[in-house]
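Working notes, beginning with the structure itself.
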Amino acid sequence: MSATPNTAVLEDPRYRDHAPAGPHPESPDRLRAVARAIAERADRVVRRAPRTASDEEILRIHSRDHLAAIRAAVAAAPAWLDPDTYVSERSLEVARLAAGGAIELARAVVRGEFESGFAAIRPPGHHAEAARAMGFCLFNNVAVVARDLQHTEGLERILILDWDVHHGNGSQHSFEDDPSVLYVSTHQFPYYPGTGDVSEAGVGRGLGATVNIPLPAGCGDADYIGVLRRLLVPIAQRFRPEVVLVSCGFDAHRDDPLASMQLTRSGFEEMTRIVRGLAADVCGGRLVFLLEGGYAERGLYEGTGAVLDVLLASPIAPLAPLAEPPPGSILRRVIDDVARVHGGRHPDLGTA
């Protein structure tokens, strides 16, 4: 990796044109906090502009019926696709910009134009199924990106880390039978959307390439840091991805109104440091963050700032010593649960 980090940020005012007709947690206001954090580091990042995703790119993940349903709903906007998920007159255009912009950012990182990238996009994507919009999501941005990188860049192994507080059901289902995409999720459980039990480990050829790390409400920095270092890192080092994509929700922040986790800015900073170090070790530092959830202004502002500060730091700060999780602790129980499912494939789970 180069001595000076080279980080690109994808940001565009048009991402605010997907707007609800009334109060809604997934509103354009979310991007104001993100934009403030980016602006404070504007002289150290490279700006990237989005472009529209094509039908072909979207259809690598989604069905034609799904694309037609979004198009029809937008024609009748304002409209609701489910009790949580709305569309406005420009939602299809904005959703295409989110997927297309993320594709171009990820391609640039994979091609070595940048070491890392942060995509400040909306609507979010990880709940969107192949044939269904849900959970505020229209198109599954990270899944579309992963398939594009396989199609255009010839990548054979991709890691998706989903640290949004909600389980990414759509992302899991997009790849659960595909051993070329390792999907690892930390999420509050049981919680929306109800998927993400530790026993969900992939199907068929993809068995073992889905790793769910369900966490009980109330987990904080030490729990998240512990599971990333003791579970994500050994699994990813064995998989050896060629790029790391992060479904980067900030809704595990302690201020978030839609969840019950206790992450702080320091927690997001250390999580990013772990992931950046992992990417440096296994794939030449190629690392792309795609914004997912986050519904508290301070959580979005602090989380974005934490991610960018770690990506821009040179050199990477060393990780703090990691204490052994005490017997009976939440962290110990979670590690043991995951090891019971995946330990046969990864005998070093729980080490750091």
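In the structure tokens, chains take letters A, B, ... by order of appearance, with residues numbered from 1 within each chain and ligands from 1 in the order shown.
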Check: What residues in segment 97-219 of chain A get the DSSP label helix (DSSP H, G or I)? Please answer as a VMD selection string.
Finding: chain A and resid 97 to 110 141 to 153 169 to 175 204 to 206
Against segment 101-115 of chain A, which residues of segment 177-272 of chain A fall within 10 Å? For each one I want the closest pair of atoms and the distance in Å (one decimal), counting only C-alpha atoms, rows by chain and increasing residue number, as a tab-separated table.
```
residue	atom	partner	partner_atom	distance
A:Glu242	CA	A:Val110	CA	8.3
A:Val243	CA	A:Val110	CA	7.0
A:Val244	CA	A:Ala106	CA	9.7
A:Leu245	CA	A:Ala106	CA	8.4
```
Notebook entry, point to check: Between A:Asp29, A:Asp162, A:Glu302, A:Glu176, which is the closest to Arg265 of chain A once you count only C-alpha atoms?
Noted result: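 The answer is A:Glu302, which sits nearest to Arg265 of chain A.
Take the candidates A:Leu207, A:Ala236, A:Leu278, A:Leu311 and check each one against Val341 of chain A using only C-alpha atoms; the shortest distance goes to A:Leu207.
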Next item on the list: Work out how far atom CA of Ile70 of chain A is from atom CA of Gly135 of chain A, in Å to one decimal.
Entry: 14.4 Å
Note to self: Report as a ChimeraX atom specification all protein, DNA and RNA residues lying within 10 Å of Arg340 of chain A, evaluated on only C-alpha atoms, omitting residues in the same chain fewer than 4 positions from it.
What the structure shows: /A:198-199,334-336,344,349
Create the file for the chosen residues now, containing N, CA and C atoms and written as a JSON list (two decimals), in the first residue's frame.
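The resulting file, part03.json, is shown below:
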```json
[["chain", "number", "residue", "atom", "x", "y", "z"],
["A", 198, "VAL", "N", -27.89, -17.85, 13.77],
["A", 198, "VAL", "CA", -26.54, -18.39, 13.58],
["A", 198, "VAL", "C", -26.55, -19.67, 12.75],
["A", 199, "SER", "N", -27.65, -20.40, 12.77],
["A", 199, "SER", "CA", -27.72, -21.65, 12.01],
["A", 199, "SER", "C", -27.84, -21.44, 10.52],
["A", 334, "VAL", "N", -21.55, -15.73, 22.17],
["A", 334, "VAL", "CA", -21.69, -15.53, 20.73],
["A", 334, "VAL", "C", -20.58, -16.27, 19.98],
["A", 335, "ILE", "N", -19.35, -16.15, 20.45],
["A", 335, "ILE", "CA", -18.23, -16.85, 19.81],
["A", 335, "ILE", "C", -18.47, -18.36, 19.82],
["A", 336, "ASP", "N", -18.92, -18.87, 20.95],
["A", 336, "ASP", "CA", -19.16, -20.32, 21.04],
["A", 336, "ASP", "C", -20.29, -20.75, 20.11],
["A", 344, "GLY", "N", -15.95, -26.50, 12.36],
["A", 344, "GLY", "CA", -15.38, -27.59, 11.58],
["A", 344, "GLY", "C", -14.62, -27.09, 10.37],
["A", 349, "LEU", "N", -11.43, -20.39, 15.14],
["A", 349, "LEU", "CA", -12.40, -19.39, 15.56],
["A", 349, "LEU", "C", -12.25, -19.10, 17.05]]
```
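What separates atom CA of Arg254 of chain A from atom CA of Gly299 of chain A is a distance of 7.5 Å.
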May I have a table of the residues of segment 140-165 of chain A lying at most 12 Å from segment 91-98 of chain A, giving each one's closest pair of atoms and their distance in Å to one decimal, counting only C-alpha atoms, ordered by chain and ascending residue number, as a tab-separated table?
```
residue	atom	partner	partner_atom	distance
A:Asn140	CA	A:Ala95	CA	9.4
A:Asn141	CA	A:Ala98	CA	6.9
A:Val142	CA	A:Ala98	CA	10.0
A:Val144	CA	A:Ala98	CA	10.4
A:Val145	CA	A:Ala98	CA	10.4
```
Check: Ser260 of chain A: which residues within 12 Å, counting only C-alpha atoms, same-chain residues fewer than 5 positions away excluded, as a ChimeraX atom specification?
Finding: /A:165-166,187-192,215-220,251-255
Could you save the residues just selected, with C-alpha atoms, as a PDB file, in the first residue's frame?
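Wrote it out as selection.pdb, contents follow:
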```pdb
ATOM      1  CA  VAL A 165     -27.849  -3.349  13.028  1.00  0.00           C
ATOM      2  CA  HIS A 166     -30.480  -5.179  10.954  1.00  0.00           C
ATOM      3  CA  HIS A 187     -26.839  -7.742  13.738  1.00  0.00           C
ATOM      4  CA  GLN A 188     -29.247  -7.345  16.623  1.00  0.00           C
ATOM      5  CA  PHE A 189     -31.230 -10.562  17.022  1.00  0.00           C
ATOM      6  CA  PRO A 190     -34.068 -11.320  17.306  1.00  0.00           C
ATOM      7  CA  TYR A 191     -35.098  -8.209  15.424  1.00  0.00           C
ATOM      8  CA  TYR A 192     -36.261  -7.024  12.002  1.00  0.00           C
ATOM      9  CA  LEU A 215     -26.034 -10.239  18.933  1.00  0.00           C
ATOM     10  CA  PRO A 216     -28.488  -9.535  21.738  1.00  0.00           C
ATOM     11  CA  ALA A 217     -29.772  -6.012  22.345  1.00  0.00           C
ATOM     12  CA  GLY A 218     -27.440  -3.834  24.400  1.00  0.00           C
ATOM     13  CA  CYS A 219     -24.111  -4.894  22.876  1.00  0.00           C
ATOM     14  CA  GLY A 220     -21.460  -2.208  22.660  1.00  0.00           C
ATOM     15  CA  ASP A 251     -27.794   2.205  13.294  1.00  0.00           C
ATOM     16  CA  ALA A 252     -25.952   0.204  15.965  1.00  0.00           C
ATOM     17  CA  HIS A 253     -24.956   3.619  17.401  1.00  0.00           C
ATOM     18  CA  ARG A 254     -26.209   4.171  20.930  1.00  0.00           C
ATOM     19  CA  ASP A 255     -28.393   7.120  19.845  1.00  0.00           C
TER      20      ASP A 255
END
```
Note to self: Report, in Å with one decimal, the straight-line distance from atom CA of Leu161 of chain A to atom CA of Val288 of chain A.
What the structure shows: 10.3 Å
Checklist line | Which residue of A:Leu331, A:Glu269, A:Pro50, A:Glu56 approaches His151 of chain A most closely, using only C-alpha atoms | finding: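 Result for the nearest residue to His151 of chain A: A:Glu56.
Between Ile235 of chain A and the residues A:Val338, A:Ala222, A:Leu291, A:Ala42, the shortest atom-to-atom distance, using only C-alpha atoms, involves A:Val338.
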Note to self: Nearest residue to Trp80 of chain A out of A:Leu138, A:Glu270, A:Val203, A:Asp309, using only C-alpha atoms?
What the structure shows: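 Nearest to Trp80 of chain A: A:Leu138.
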Note to self: Env of Ala35 of chain A: 12 Å cut, atoms = only C-alpha atoms, seq-sep filter 4 positions within chain, self excluded. Answer as a ChimeraX atom specification.
What the structure shows: /A:9-13,15-16,28-31,39-42,118-121,297,300-305,308
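Restricting the calculation to only C-alpha atoms, the smallest distance between Gly294 of chain A and any of A:Ala49, A:Val310, A:Ala33, A:Ala323 is found for A:Ala33.
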Note to self: For Pro318 of chain A, find every residue with an atom within 10 Å (counting only C-alpha atoms), except residues of its own chain fewer than 5 positions away, and show them as a list in words.
What the structure shows: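 Listed by chain and then number, they are Glu270, Arg273, Ile274 and Gly277 of chain A.
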Those selected residues, please, written with N, CA and C atoms and delivered as a CSV table (one decimal), in the first residue's frame.
```csv
chain,number,residue,atom,x,y,z
A,270,GLU,N,-12.6,1.6,15.8
A,270,GLU,CA,-11.8,0.4,15.9
A,270,GLU,C,-12.3,-0.7,14.9
A,273,ARG,N,-10.7,0.1,11.7
A,273,ARG,CA,-9.3,-0.2,11.8
A,273,ARG,C,-9.1,-1.8,11.6
A,274,ILE,N,-9.9,-2.6,12.2
A,274,ILE,CA,-9.8,-4.0,12.0
A,274,ILE,C,-10.0,-4.4,10.6
A,277,GLY,N,-7.2,-3.2,8.3
A,277,GLY,CA,-6.0,-4.1,8.5
A,277,GLY,C,-6.2,-5.4,7.8
```
For Arg230 of chain A: contacts at 6 Å, only C-alpha atoms, fewer than 5 positions along chain excluded, given as a PDB file with C-alpha atoms, in the first residue's frame:
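Final output, out31.pdb:
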```
ATOM      1  CA  GLY A 350     -12.254 -17.390  18.764  1.00  0.00           C
ATOM      2  CA  THR A 351      -8.546 -16.577  18.465  1.00  0.00           C
ATOM      3  CA  ALA A 352      -7.243 -13.070  17.776  1.00  0.00           C
TER       4      ALA A 352
END
```
Next item on the list: Output as number ranges by chain all residues of segment 90-228 of chain A that backbone DSSP marks as strand (DSSP E or B).
Entry: A: 116-119, 129, 132, 134, 137, 158-162, 181-188, 210-215, 220
